[in-house]
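Structure data (JSON, C-alpha atoms) from input-v8.json:
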```json
[["chain", "number", "residue", "atom", "x", "y", "z"],
["A", 1, "THR", "CA", -26.51, -11.10, 57.18],
["A", 2, "LEU", "CA", -23.04, -10.36, 58.55],
["A", 3, "LYS", "CA", -21.46, -9.32, 55.23],
["A", 4, "ALA", "CA", -18.77, -11.92, 56.01],
["A", 5, "ARG", "CA", -17.43, -13.88, 53.04],
["A", 6, "ALA", "CA", -18.07, -17.63, 53.12],
["A", 7, "TYR", "CA", -15.06, -18.81, 51.14],
["A", 8, "ASP", "CA", -15.92, -22.42, 51.95],
["A", 9, "GLY", "CA", -19.40, -22.48, 50.45],
["A", 10, "ASP", "CA", -21.67, -23.10, 53.42],
["A", 11, "VAL", "CA", -19.59, -21.83, 56.34],
["A", 12, "ALA", "CA", -17.91, -18.48, 57.04],
["A", 13, "ARG", "CA", -14.79, -18.58, 59.23],
["A", 14, "VAL", "CA", -14.90, -15.14, 60.81],
["A", 15, "ARG", "CA", -11.73, -13.98, 62.56],
["A", 16, "LEU", "CA", -12.35, -12.72, 66.07],
["A", 17, "PRO", "CA", -10.68, -9.38, 66.85],
["A", 18, "ASP", "CA", -8.14, -9.44, 69.68],
["A", 19, "ASP", "CA", -10.41, -7.29, 71.85],
["A", 20, "ALA", "CA", -13.58, -9.34, 71.26],
["A", 21, "GLY", "CA", -15.28, -10.35, 74.49],
["A", 22, "ARG", "CA", -18.16, -12.71, 75.18],
["A", 23, "ALA", "CA", -20.78, -10.01, 74.68],
["A", 24, "TRP", "CA", -19.40, -9.18, 71.21],
["A", 25, "VAL", "CA", -19.27, -12.87, 70.23],
["A", 26, "THR", "CA", -22.85, -13.46, 71.46],
["A", 27, "ALA", "CA", -24.11, -10.42, 69.56],
["A", 28, "LEU", "CA", -22.40, -11.70, 66.42],
["A", 29, "ALA", "CA", -23.93, -15.16, 66.80],
["A", 30, "ASP", "CA", -27.53, -14.12, 67.51],
["A", 31, "PRO", "CA", -29.14, -11.86, 64.89],
["A", 32, "ALA", "CA", -32.38, -11.68, 66.89],
["A", 33, "GLY", "CA", -30.67, -8.89, 68.84],
["A", 34, "ASP", "CA", -29.36, -6.98, 65.84],
["A", 35, "LEU", "CA", -31.43, -3.89, 66.64],
["A", 36, "ALA", "CA", -29.82, -3.70, 70.09],
["A", 37, "THR", "CA", -26.26, -4.23, 68.79],
["A", 38, "PRO", "CA", -26.24, -3.01, 65.20],
["A", 39, "MET", "CA", -22.51, -2.35, 64.60],
["A", 40, "LYS", "CA", -20.36, -5.49, 64.28],
["A", 41, "GLY", "CA", -18.14, -5.08, 61.24],
["A", 42, "PRO", "CA", -16.27, -4.94, 59.09],
["A", 43, "LEU", "CA", -15.48, -8.63, 59.50],
["A", 44, "ALA", "CA", -12.60, -10.59, 58.01],
["A", 45, "SER", "CA", -12.96, -14.24, 56.98],
["A", 46, "ASP", "CA", -10.29, -16.93, 56.68],
["A", 47, "ARG", "CA", -9.87, -18.40, 53.22],
["A", 48, "ASP", "CA", -6.84, -20.65, 53.72],
["A", 49, "GLY", "CA", -6.79, -24.15, 55.16],
["A", 50, "GLY", "CA", -9.58, -26.67, 55.45],
["A", 51, "ALA", "CA", -12.97, -25.86, 56.95],
["A", 52, "ASP", "CA", -14.13, -29.37, 57.90],
["A", 53, "LEU", "CA", -13.48, -28.78, 61.61],
["A", 54, "HIS", "CA", -15.61, -25.64, 61.51],
["A", 55, "ARG", "CA", -18.30, -27.36, 59.45],
["A", 56, "ALA", "CA", -18.40, -30.19, 62.02],
["A", 57, "ALA", "CA", -18.81, -27.63, 64.82],
["A", 58, "ILE", "CA", -21.81, -26.11, 63.02],
["A", 59, "ARG", "CA", -23.33, -29.57, 62.52],
["A", 60, "LEU", "CA", -23.00, -30.29, 66.25],
["A", 61, "CYS", "CA", -24.65, -26.98, 67.12],
["A", 62, "LYS", "CA", -27.58, -27.75, 64.82],
["A", 63, "SER", "CA", -28.00, -31.27, 66.18],
["A", 64, "ALA", "CA", -28.24, -29.78, 69.69],
["A", 65, "ARG", "CA", -30.82, -27.19, 68.49],
["A", 66, "LEU", "CA", -28.38, -24.39, 69.28],
["A", 67, "LEU", "CA", -27.60, -21.37, 67.17],
["A", 68, "PRO", "CA", -25.42, -22.50, 64.24],
["A", 69, "ALA", "CA", -22.43, -20.52, 65.44],
["A", 70, "ALA", "CA", -19.30, -21.81, 67.19],
["A", 71, "VAL", "CA", -16.04, -20.44, 68.54],
["A", 72, "VAL", "CA", -13.29, -22.70, 67.19],
["A", 73, "VAL", "CA", -9.95, -22.71, 69.04],
["A", 74, "ALA", "CA", -6.87, -24.55, 67.80],
["A", 75, "LEU", "CA", -5.12, -26.72, 70.40],
["A", 76, "ASP", "CA", -1.68, -28.29, 70.13],
["A", 77, "ARG", "CA", -2.59, -31.24, 72.38],
["A", 78, "PRO", "CA", -6.36, -31.76, 72.15],
["A", 79, "GLY", "CA", -6.32, -35.24, 73.71],
["A", 80, "PRO", "CA", -4.78, -34.27, 77.09],
["A", 81, "VAL", "CA", -6.82, -31.05, 77.24],
["A", 82, "ALA", "CA", -10.07, -32.96, 76.67],
["A", 83, "ALA", "CA", -9.14, -35.60, 79.25],
["A", 84, "GLN", "CA", -8.19, -33.01, 81.87],
["A", 85, "ALA", "CA", -11.41, -31.02, 81.35],
["A", 86, "GLY", "CA", -13.69, -34.08, 81.12],
["A", 87, "LEU", "CA", -14.66, -33.25, 77.52],
["A", 88, "THR", "CA", -15.73, -35.60, 74.75],
["A", 89, "LEU", "CA", -13.20, -35.75, 71.92],
["A", 90, "LEU", "CA", -14.69, -36.36, 68.47],
["A", 91, "PRO", "CA", -12.85, -36.58, 65.14],
["A", 92, "ALA", "CA", -14.32, -34.06, 62.67],
["A", 93, "PRO", "CA", -14.73, -36.64, 59.84],
["A", 94, "GLN", "CA", -16.77, -38.85, 62.18],
["A", 95, "VAL", "CA", -19.03, -35.92, 63.13],
["A", 96, "LEU", "CA", -19.64, -35.06, 59.48],
["A", 97, "ARG", "CA", -20.35, -38.68, 58.53],
["A", 98, "LEU", "CA", -22.69, -39.44, 61.42],
["A", 99, "SER", "CA", -24.56, -36.14, 61.21],
["A", 100, "ALA", "CA", -25.41, -36.80, 57.56],
["A", 101, "ALA", "CA", -26.50, -40.39, 58.10],
["A", 102, "ALA", "CA", -30.07, -41.42, 58.81],
["A", 103, "SER", "CA", -30.41, -43.13, 62.18],
["A", 104, "PRO", "CA", -32.55, -46.29, 62.32],
["A", 105, "HIS", "CA", -35.55, -46.14, 64.66],
["A", 106, "ALA", "CA", -36.48, -48.96, 66.99],
["A", 107, "PRO", "CA", -40.01, -49.49, 68.33],
["A", 108, "VAL", "CA", -40.13, -49.00, 72.11],
["A", 109, "ILE", "CA", -43.77, -49.59, 73.06],
["A", 110, "ASP", "CA", -47.29, -49.25, 71.68],
["A", 111, "ALA", "CA", -50.59, -49.15, 73.51],
["A", 112, "ARG", "CA", -54.28, -48.47, 72.93],
["A", 113, "LEU", "CA", -55.21, -44.77, 72.97],
["A", 114, "PRO", "CA", -58.92, -43.91, 72.57],
["A", 115, "MET", "CA", -59.26, -40.39, 71.14],
["A", 116, "GLU", "CA", -62.02, -37.94, 70.33],
["A", 117, "VAL", "CA", -61.71, -38.63, 66.60],
["A", 118, "SER", "CA", -61.61, -42.40, 67.05],
["A", 119, "GLU", "CA", -61.89, -44.74, 70.01],
["A", 120, "ALA", "CA", -59.84, -47.21, 67.96],
["A", 121, "GLY", "CA", -56.53, -45.40, 68.39],
["A", 122, "ARG", "CA", -53.05, -46.73, 69.16],
["A", 123, "LEU", "CA", -49.86, -44.82, 70.00],
["A", 124, "HIS", "CA", -46.48, -46.19, 68.91],
["A", 125, "VAL", "CA", -43.22, -44.78, 70.34],
["A", 126, "PHE", "CA", -40.00, -45.03, 68.32],
["A", 127, "ARG", "CA", -36.49, -44.19, 69.50],
["A", 128, "PRO", "CA", -33.52, -43.50, 67.18],
["A", 129, "GLU", "CA", -30.28, -45.40, 67.72],
["A", 130, "ASN", "CA", -28.25, -42.17, 67.73],
["A", 131, "GLY", "CA", -29.82, -40.93, 70.97],
["A", 132, "GLY", "CA", -31.91, -38.23, 69.32],
["A", 133, "ALA", "CA", -35.52, -37.28, 70.02],
["A", 134, "GLU", "CA", -38.26, -39.92, 70.09],
["A", 135, "HIS", "CA", -40.94, -39.85, 67.41],
["A", 136, "TYR", "CA", -44.52, -41.10, 67.57],
["A", 137, "ALA", "CA", -47.03, -42.81, 65.30],
["A", 138, "ILE", "CA", -50.74, -42.52, 66.01],
["A", 139, "GLU", "CA", -52.57, -45.40, 64.34],
["A", 140, "ILE", "CA", -56.28, -44.94, 63.74],
["A", 141, "GLY", "CA", -58.34, -48.10, 63.33],
["A", 142, "ASP", "CA", -56.69, -51.13, 61.75],
["A", 143, "PRO", "CA", -55.16, -49.94, 58.44],
["A", 144, "ASP", "CA", -54.63, -52.62, 55.81],
["A", 145, "ARG", "CA", -50.85, -53.04, 55.36],
["A", 146, "ALA", "CA", -51.41, -54.22, 51.79],
["A", 147, "ARG", "CA", -53.13, -50.96, 50.74],
["A", 148, "PRO", "CA", -52.01, -47.30, 50.66],
["A", 149, "VAL", "CA", -52.57, -45.87, 54.12],
["A", 150, "LEU", "CA", -53.93, -42.36, 54.71],
["A", 151, "THR", "CA", -50.88, -40.71, 56.27],
["A", 152, "ARG", "CA", -49.86, -37.37, 57.71],
["A", 153, "LEU", "CA", -46.23, -36.43, 58.49],
["A", 154, "HIS", "CA", -46.76, -33.80, 61.18],
["A", 155, "SER", "CA", -43.83, -31.98, 62.73],
["A", 156, "ALA", "CA", -44.20, -31.03, 66.38],
["A", 157, "CYS", "CA", -45.36, -27.46, 66.94],
["A", 158, "PHE", "CA", -45.70, -26.57, 70.62],
["A", 159, "THR", "CA", -47.03, -23.10, 69.84],
["A", 160, "GLY", "CA", -49.64, -24.27, 67.33],
["A", 161, "ASP", "CA", -50.55, -27.79, 68.48],
["A", 162, "VAL", "CA", -50.65, -27.04, 72.22],
["A", 163, "MET", "CA", -51.03, -23.28, 72.67],
["A", 164, "GLY", "CA", -53.33, -22.64, 69.70],
["A", 165, "SER", "CA", -51.02, -20.10, 68.06],
["A", 166, "LEU", "CA", -52.55, -18.09, 65.24],
["A", 167, "LYS", "CA", -49.16, -17.46, 63.59],
["A", 168, "CYS", "CA", -49.18, -20.82, 61.76],
["A", 169, "ASP", "CA", -51.60, -23.47, 60.49],
["A", 170, "CYS", "CA", -50.07, -26.40, 62.38],
["A", 171, "GLY", "CA", -52.80, -26.88, 64.99],
["A", 172, "PRO", "CA", -55.65, -26.90, 62.46],
["A", 173, "GLN", "CA", -53.64, -29.25, 60.23],
["A", 174, "LEU", "CA", -53.07, -31.68, 63.10],
["A", 175, "ARG", "CA", -56.72, -31.74, 64.11],
["A", 176, "GLY", "CA", -57.91, -31.77, 60.49],
["A", 177, "ALA", "CA", -55.72, -34.75, 59.61],
["A", 178, "LEU", "CA", -56.89, -36.73, 62.63],
["A", 179, "ALA", "CA", -60.50, -35.88, 61.82],
["A", 180, "GLN", "CA", -60.11, -37.16, 58.25],
["A", 181, "MET", "CA", -58.54, -40.38, 59.50],
["A", 182, "GLY", "CA", -61.32, -40.82, 62.04],
["A", 183, "ALA", "CA", -63.96, -40.28, 59.36],
["A", 184, "ALA", "CA", -62.20, -42.75, 57.05],
["A", 185, "GLY", "CA", -61.88, -45.29, 59.84],
["A", 186, "ALA", "CA", -58.14, -45.79, 59.36],
["A", 187, "GLY", "CA", -54.90, -43.87, 59.03],
["A", 188, "VAL", "CA", -51.48, -43.13, 60.51],
["A", 189, "LEU", "CA", -50.33, -39.75, 61.81],
["A", 190, "LEU", "CA", -46.57, -39.57, 62.31],
["A", 191, "TYR", "CA", -45.78, -36.96, 64.97],
["A", 192, "LEU", "CA", -42.12, -36.07, 64.38],
["A", 193, "ASN", "CA", -40.25, -34.11, 67.06],
["A", 194, "GLN", "CA", -38.79, -31.55, 64.63],
["A", 195, "GLU", "CA", -40.05, -28.30, 66.15],
["A", 196, "GLY", "CA", -39.72, -25.15, 64.07],
["A", 197, "ARG", "CA", -38.90, -26.99, 60.83],
["A", 198, "GLY", "CA", -36.11, -28.79, 62.67],
["A", 199, "ILE", "CA", -34.43, -25.84, 64.44],
["A", 200, "GLY", "CA", -35.98, -26.29, 67.89],
["A", 201, "LEU", "CA", -38.30, -24.11, 69.95],
["A", 202, "ALA", "CA", -35.68, -21.61, 71.15],
["A", 203, "ASN", "CA", -34.48, -20.87, 67.62],
["A", 204, "LYS", "CA", -38.08, -20.78, 66.42],
["A", 205, "MET", "CA", -38.73, -18.02, 68.98],
["A", 206, "ARG", "CA", -35.63, -16.21, 67.69],
["A", 207, "ALA", "CA", -37.16, -16.47, 64.22],
["A", 208, "TYR", "CA", -40.43, -15.05, 65.58],
["A", 209, "ALA", "CA", -38.49, -12.12, 67.05],
["A", 210, "LEU", "CA", -36.99, -11.49, 63.61],
["A", 211, "GLN", "CA", -40.43, -11.73, 62.01],
["A", 212, "ASP", "CA", -41.57, -8.99, 64.39],
["A", 213, "GLN", "CA", -38.74, -6.91, 62.88],
["A", 214, "GLY", "CA", -40.20, -7.36, 59.40],
["A", 215, "PHE", "CA", -38.55, -10.52, 58.03],
["A", 216, "ASP", "CA", -40.66, -13.35, 56.61],
["A", 217, "THR", "CA", -40.32, -16.92, 57.89],
["A", 218, "VAL", "CA", -37.69, -17.98, 55.31],
["A", 219, "GLU", "CA", -35.66, -14.78, 55.70],
["A", 220, "ALA", "CA", -35.69, -15.23, 59.48],
["A", 221, "ASN", "CA", -34.35, -18.79, 59.21],
["A", 222, "HIS", "CA", -31.61, -17.68, 56.84],
["A", 223, "ARG", "CA", -30.69, -14.78, 59.10],
["A", 224, "LEU", "CA", -30.23, -17.22, 61.98],
["A", 225, "GLY", "CA", -27.99, -19.38, 59.82],
["A", 226, "PHE", "CA", -30.44, -22.17, 59.01],
["A", 227, "GLU", "CA", -31.80, -23.52, 55.75],
["A", 228, "ASP", "CA", -35.44, -22.91, 54.77],
["A", 229, "ASP", "CA", -36.26, -26.30, 56.25],
["A", 230, "GLU", "CA", -33.93, -28.38, 58.44],
["A", 231, "ARG", "CA", -36.34, -31.31, 58.91],
["A", 232, "ASP", "CA", -35.43, -34.90, 58.01],
["A", 233, "PHE", "CA", -38.41, -36.58, 56.36],
["A", 234, "ARG", "CA", -36.44, -39.81, 55.97],
["A", 235, "ILE", "CA", -37.68, -40.50, 59.50],
["A", 236, "GLY", "CA", -41.27, -40.72, 58.24],
["A", 237, "ALA", "CA", -40.36, -43.33, 55.63],
["A", 238, "ASP", "CA", -38.46, -45.36, 58.24],
["A", 239, "LEU", "CA", -41.39, -45.37, 60.69],
["A", 240, "LEU", "CA", -43.92, -46.37, 58.02],
["A", 241, "ARG", "CA", -41.73, -49.25, 56.88],
["A", 242, "ARG", "CA", -41.27, -50.47, 60.45],
["A", 243, "MET", "CA", -45.05, -50.46, 60.87],
["A", 244, "GLY", "CA", -45.40, -52.63, 57.77],
["A", 245, "PHE", "CA", -46.53, -50.02, 55.21],
["A", 246, "THR", "CA", -45.06, -49.62, 51.74],
["A", 247, "SER", "CA", -47.51, -47.13, 50.17],
["A", 248, "ALA", "CA", -49.43, -44.07, 51.32],
["A", 249, "ARG", "CA", -52.03, -41.46, 50.52],
["A", 250, "LEU", "CA", -50.23, -38.46, 51.94],
["A", 251, "LEU", "CA", -52.11, -35.60, 53.62],
["A", 252, "THR", "CA", -49.89, -32.65, 52.75],
["A", 253, "ASN", "CA", -49.50, -29.41, 50.81],
["A", 254, "ASN", "CA", -45.72, -29.87, 50.67],
["A", 255, "PRO", "CA", -44.38, -31.61, 47.52],
["A", 256, "ASN", "CA", -41.00, -32.11, 49.27],
["A", 257, "LYS", "CA", -42.63, -34.57, 51.66],
["A", 258, "VAL", "CA", -43.99, -36.56, 48.72],
["A", 259, "ALA", "CA", -40.60, -36.60, 47.00],
["A", 260, "MET", "CA", -38.74, -37.59, 50.17],
["A", 261, "LEU", "CA", -41.06, -40.52, 50.92],
["A", 262, "GLN", "CA", -40.89, -41.66, 47.29],
["A", 263, "SER", "CA", -37.10, -41.54, 47.28],
["A", 264, "HIS", "CA", -36.93, -43.66, 50.45],
["A", 265, "GLY", "CA", -39.12, -46.55, 49.49],
["A", 266, "ILE", "CA", -42.68, -45.40, 50.25],
["A", 267, "ASP", "CA", -44.93, -45.26, 47.19],
["A", 268, "VAL", "CA", -47.11, -42.14, 47.49],
["A", 269, "VAL", "CA", -50.09, -42.98, 45.28],
["A", 270, "GLU", "CA", -51.96, -39.74, 46.05],
["A", 271, "ARG", "CA", -51.33, -36.32, 47.58],
["A", 272, "VAL", "CA", -54.39, -35.39, 49.65],
["A", 273, "PRO", "CA", -54.61, -31.59, 50.17],
["A", 274, "LEU", "CA", -54.92, -30.27, 53.73],
["A", 275, "GLN", "CA", -55.74, -26.59, 53.38],
["A", 276, "VAL", "CA", -57.03, -25.38, 56.74],
["A", 277, "GLY", "CA", -56.30, -22.72, 59.32],
["A", 278, "ARG", "CA", -55.77, -19.55, 57.25],
["A", 279, "GLY", "CA", -56.46, -16.40, 59.27],
["A", 280, "ALA", "CA", -55.52, -12.77, 59.71],
["A", 281, "HIS", "CA", -52.37, -13.58, 61.73],
["A", 282, "ASN", "CA", -50.87, -16.17, 59.37],
["A", 283, "THR", "CA", -51.83, -15.07, 55.85],
["A", 284, "ALA", "CA", -48.36, -13.67, 55.14],
["A", 285, "TYR", "CA", -46.76, -16.81, 56.60],
["A", 286, "LEU", "CA", -48.82, -19.09, 54.34],
["A", 287, "ASP", "CA", -48.17, -16.89, 51.31],
["A", 288, "THR", "CA", -44.42, -17.17, 52.00],
["A", 289, "LYS", "CA", -44.68, -20.96, 52.26],
["A", 290, "ALA", "CA", -46.35, -21.02, 48.86],
["A", 291, "ALA", "CA", -44.03, -18.50, 47.16],
["A", 292, "LYS", "CA", -40.66, -19.58, 48.62],
["A", 293, "SER", "CA", -41.10, -23.16, 49.82],
["A", 294, "GLY", "CA", -43.35, -24.47, 47.05],
["A", 295, "HIS", "CA", -46.31, -25.44, 49.22],
["A", 296, "LEU", "CA", -49.47, -25.98, 47.18],
["A", 297, "LEU", "CA", -51.86, -23.54, 48.84]]
```
Write the structure described by the file as structure tokens, please.
Amino acid sequence: TLKARAYDGDVARVRLPDDAGRAWVTALADPAGDLATPMKGPLASDRDGGADLHRAAIRLCKSARLLPAAVVVALDRPGPVAAQAGLTLLPAPQVLRLSAAASPHAPVIDARLPMEVSEAGRLHVFRPENGGAEHYAIEIGDPDRARPVLTRLHSACFTGDVMGSLKCDCGPQLRGALAQMGAAGAGVLLYLNQEGRGIGLANKMRAYALQDQGFDTVEANHRLGFEDDERDFRIGADLLRRMGFTSARLLTNNPNKVAMLQSHGIDVVERVPLQVGRGAHNTAYLDTKAAKSGHLL
């Protein structure tokens, strides 16, 4: 996107010009405004020295659902500077280790929740130990823990689930999965707070702005500095285990979800297709998911 060399594999250490102000740095960080500020180069990248500090900064930005771009400033005495400014001081190796680790989830509360699809509903709330977002499990009926449970890993989508957006198929998938569980009399829908494939709502809107400029959904994510999919499906396996399940019939078109559950101790005995919600506004989006992300549509 920036034509800046990433000598360290997954991170480019771009040197800031001496005359670079905040507006220039912001324009460099946010490609959603590229049409307004098209000229930014040529850029020079550092190739000497370690990049772990910079990589840790990017990880922190992603964990906070910010743009994956950071201004890194070397300090001779970081401890006193942090103490004087009231800042948190974190060792880069610790950031890298903790950001890659899966956080255990503890059950907080569960209560009966009658729903349109089933009056025998129950909502479970789980909270990760690392202070991240809560995740939810909607239990339909009384699923047998000794048998594969009909399961849907559904990532939060404010625009689709709540606002009825026509740009994606998330809302129809949510309602379709719950309807199938209601008809079957049992099931578990895991509602994971990983908006926008894990990049957050603000960055998802930046991706939408890029899509309006002609980029597809994967290209937009890459242009922002994210992977195709930043979600962590290990969470789904953890929640199912904590609810007492070891096997599942998974409602999904995404083989990566099947593989991730399998690799983390949940036996997926069947992939149940969930092909709903195609329309004039999301045909290109669904075609991209199939062509570039391997979804079985």
Open item on the list: Measuring between all atoms listed in the file, which one of A:Asp52, A:Glu227, A:Asp142, A:Asp238 shows the shortest distance to Gly185 (chain A)?
Closed with: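 Looking at the shortest contact to Gly185 (chain A), the residue is A:Asp142.
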For His295 (chain A), list every protein, DNA or RNA residue within 10 Å, evaluated using only C-alpha atoms, and leave out those in the same chain fewer than 6 positions away; present the list as a PDB file with C-alpha atoms, keeping the file's coordinate frame.
```pdb
ATOM      1  CA  THR A 252     -49.890 -32.650  52.750  1.00  0.00           C
ATOM      2  CA  ASN A 253     -49.500 -29.410  50.810  1.00  0.00           C
ATOM      3  CA  ASN A 254     -45.720 -29.870  50.670  1.00  0.00           C
ATOM      4  CA  PRO A 255     -44.380 -31.610  47.520  1.00  0.00           C
ATOM      5  CA  ASN A 256     -41.000 -32.110  49.270  1.00  0.00           C
ATOM      6  CA  LEU A 286     -48.820 -19.090  54.340  1.00  0.00           C
ATOM      7  CA  ASP A 287     -48.170 -16.890  51.310  1.00  0.00           C
ATOM      8  CA  THR A 288     -44.420 -17.170  52.000  1.00  0.00           C
ATOM      9  CA  LYS A 289     -44.680 -20.960  52.260  1.00  0.00           C
TER      10      LYS A 289
END
```
TODO: Please provide the set of residues having any atom within 8 Å of Arg145 (chain A), restricted to all atoms listed in the file, with same-chain residues fewer than 6 positions apart removed, written as a ChimeraX atom specification.
DONE: /A:244-246
- [ ] Have a look at CA of Phe233 (chain A) and CA of Phe126 (chain A) and let me know their distance in Å, one decimal.
- [x]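 The value is 14.7 Å.
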Open item on the list: Excluding Leu123 (chain A) and its own-chain neighbours fewer than 6 positions away, which residues fall within 8 Å of it when counting all atoms listed in the file? Please give them as a PyMOL selection string.
Closed with: chain A and resi 110-113+136-139
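You will find CA of Asn203 (chain A) at 17.0 Å from CA of Asp232 (chain A).
Among the candidates A:Ser165, A:His154, A:Arg15, A:Thr26, the residue lying nearest to Val72 (chain A) is A:Arg15 (atoms considered: only C-alpha atoms).
Distances from A:Ile140, A:Val73, A:Leu153, A:Met205 to Leu261 (chain A) were compared using only C-alpha atoms, and the smallest one belongs to A:Leu153.
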Task: Coordinates-based distance that separates CA of Leu90 (chain A) from CA of Ala64 (chain A) (Å, one decimal) - done: 15.1 Å
Task: Residue nearest Leu201 (chain A) - candidates A:Gly160, A:Gly214, A:Pro128, A:Pro114, atoms counted: only C-alpha atoms - done: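 The answer is A:Gly160, which sits nearest to Leu201 (chain A).
Among the candidate residues A:Ala56, A:Leu67, A:Val188, A:Met39, the one lying nearest to Arg223 (chain A) is A:Leu67, with distances computed using only C-alpha atoms.
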- [ ] Return the single residue from A:Pro172, A:Pro93, A:Gly86, A:Pro143 that is closest to Gly279 (chain A), with distances computed using all atoms listed in the file.
- [x] A:Pro172
- [ ] Around the point (-38.2, -39.7, 72.9) in the file's coordinates, collect all residues with an atom within 12 Å, using all atoms listed in the file, and return them as an MDAnalysis selection string.
- [x] chainID A and resid 105:109 124:136 191:194
- [ ] Using only C-alpha atoms, find all polymer residues with an atom at most 9 Å away from the point (-41.0, -28.9, 65.7); report them as a PyMOL selection string.
- [x] chain A and resi 154-158+192-201+204+231
Using C-alpha atoms, can you export the residues from the last selection as an mmCIF file, in the coordinates of the input?
```
data_model
loop_
_atom_site.group_PDB
_atom_site.id
_atom_site.type_symbol
_atom_site.label_atom_id
_atom_site.label_comp_id
_atom_site.auth_asym_id
_atom_site.auth_seq_id
_atom_site.Cartn_x
_atom_site.Cartn_y
_atom_site.Cartn_z
ATOM 1 C CA HIS A 154 -46.760 -33.800 61.180
ATOM 2 C CA SER A 155 -43.830 -31.980 62.730
ATOM 3 C CA ALA A 156 -44.200 -31.030 66.380
ATOM 4 C CA CYS A 157 -45.360 -27.460 66.940
ATOM 5 C CA PHE A 158 -45.700 -26.570 70.620
ATOM 6 C CA LEU A 192 -42.120 -36.070 64.380
ATOM 7 C CA ASN A 193 -40.250 -34.110 67.060
ATOM 8 C CA GLN A 194 -38.790 -31.550 64.630
ATOM 9 C CA GLU A 195 -40.050 -28.300 66.150
ATOM 10 C CA GLY A 196 -39.720 -25.150 64.070
ATOM 11 C CA ARG A 197 -38.900 -26.990 60.830
ATOM 12 C CA GLY A 198 -36.110 -28.790 62.670
ATOM 13 C CA ILE A 199 -34.430 -25.840 64.440
ATOM 14 C CA GLY A 200 -35.980 -26.290 67.890
ATOM 15 C CA LEU A 201 -38.300 -24.110 69.950
ATOM 16 C CA LYS A 204 -38.080 -20.780 66.420
ATOM 17 C CA ARG A 231 -36.340 -31.310 58.910
#
```
TODO: List the neighbours of Asp216 (chain A) out to 12 Å using all atoms listed in the file; skip same-chain residues closer than 3 positions along the sequence, and give me the result as an MDAnalysis selection string.
DONE: chainID A and resid 167 207:213 219:223 228 282:289 291:293
Keeping only C-alpha atoms, write the selected residues to a file as a PDB file, in the frame of the given file.
```
ATOM      1  CA  LYS A 167     -49.160 -17.460  63.590  1.00  0.00           C
ATOM      2  CA  ALA A 207     -37.160 -16.470  64.220  1.00  0.00           C
ATOM      3  CA  TYR A 208     -40.430 -15.050  65.580  1.00  0.00           C
ATOM      4  CA  ALA A 209     -38.490 -12.120  67.050  1.00  0.00           C
ATOM      5  CA  LEU A 210     -36.990 -11.490  63.610  1.00  0.00           C
ATOM      6  CA  GLN A 211     -40.430 -11.730  62.010  1.00  0.00           C
ATOM      7  CA  ASP A 212     -41.570  -8.990  64.390  1.00  0.00           C
ATOM      8  CA  GLN A 213     -38.740  -6.910  62.880  1.00  0.00           C
ATOM      9  CA  GLU A 219     -35.660 -14.780  55.700  1.00  0.00           C
ATOM     10  CA  ALA A 220     -35.690 -15.230  59.480  1.00  0.00           C
ATOM     11  CA  ASN A 221     -34.350 -18.790  59.210  1.00  0.00           C
ATOM     12  CA  HIS A 222     -31.610 -17.680  56.840  1.00  0.00           C
ATOM     13  CA  ARG A 223     -30.690 -14.780  59.100  1.00  0.00           C
ATOM     14  CA  ASP A 228     -35.440 -22.910  54.770  1.00  0.00           C
ATOM     15  CA  ASN A 282     -50.870 -16.170  59.370  1.00  0.00           C
ATOM     16  CA  THR A 283     -51.830 -15.070  55.850  1.00  0.00           C
ATOM     17  CA  ALA A 284     -48.360 -13.670  55.140  1.00  0.00           C
ATOM     18  CA  TYR A 285     -46.760 -16.810  56.600  1.00  0.00           C
ATOM     19  CA  LEU A 286     -48.820 -19.090  54.340  1.00  0.00           C
ATOM     20  CA  ASP A 287     -48.170 -16.890  51.310  1.00  0.00           C
ATOM     21  CA  THR A 288     -44.420 -17.170  52.000  1.00  0.00           C
ATOM     22  CA  LYS A 289     -44.680 -20.960  52.260  1.00  0.00           C
ATOM     23  CA  ALA A 291     -44.030 -18.500  47.160  1.00  0.00           C
ATOM     24  CA  LYS A 292     -40.660 -19.580  48.620  1.00  0.00           C
ATOM     25  CA  SER A 293     -41.100 -23.160  49.820  1.00  0.00           C
TER      26      SER A 293
END
```
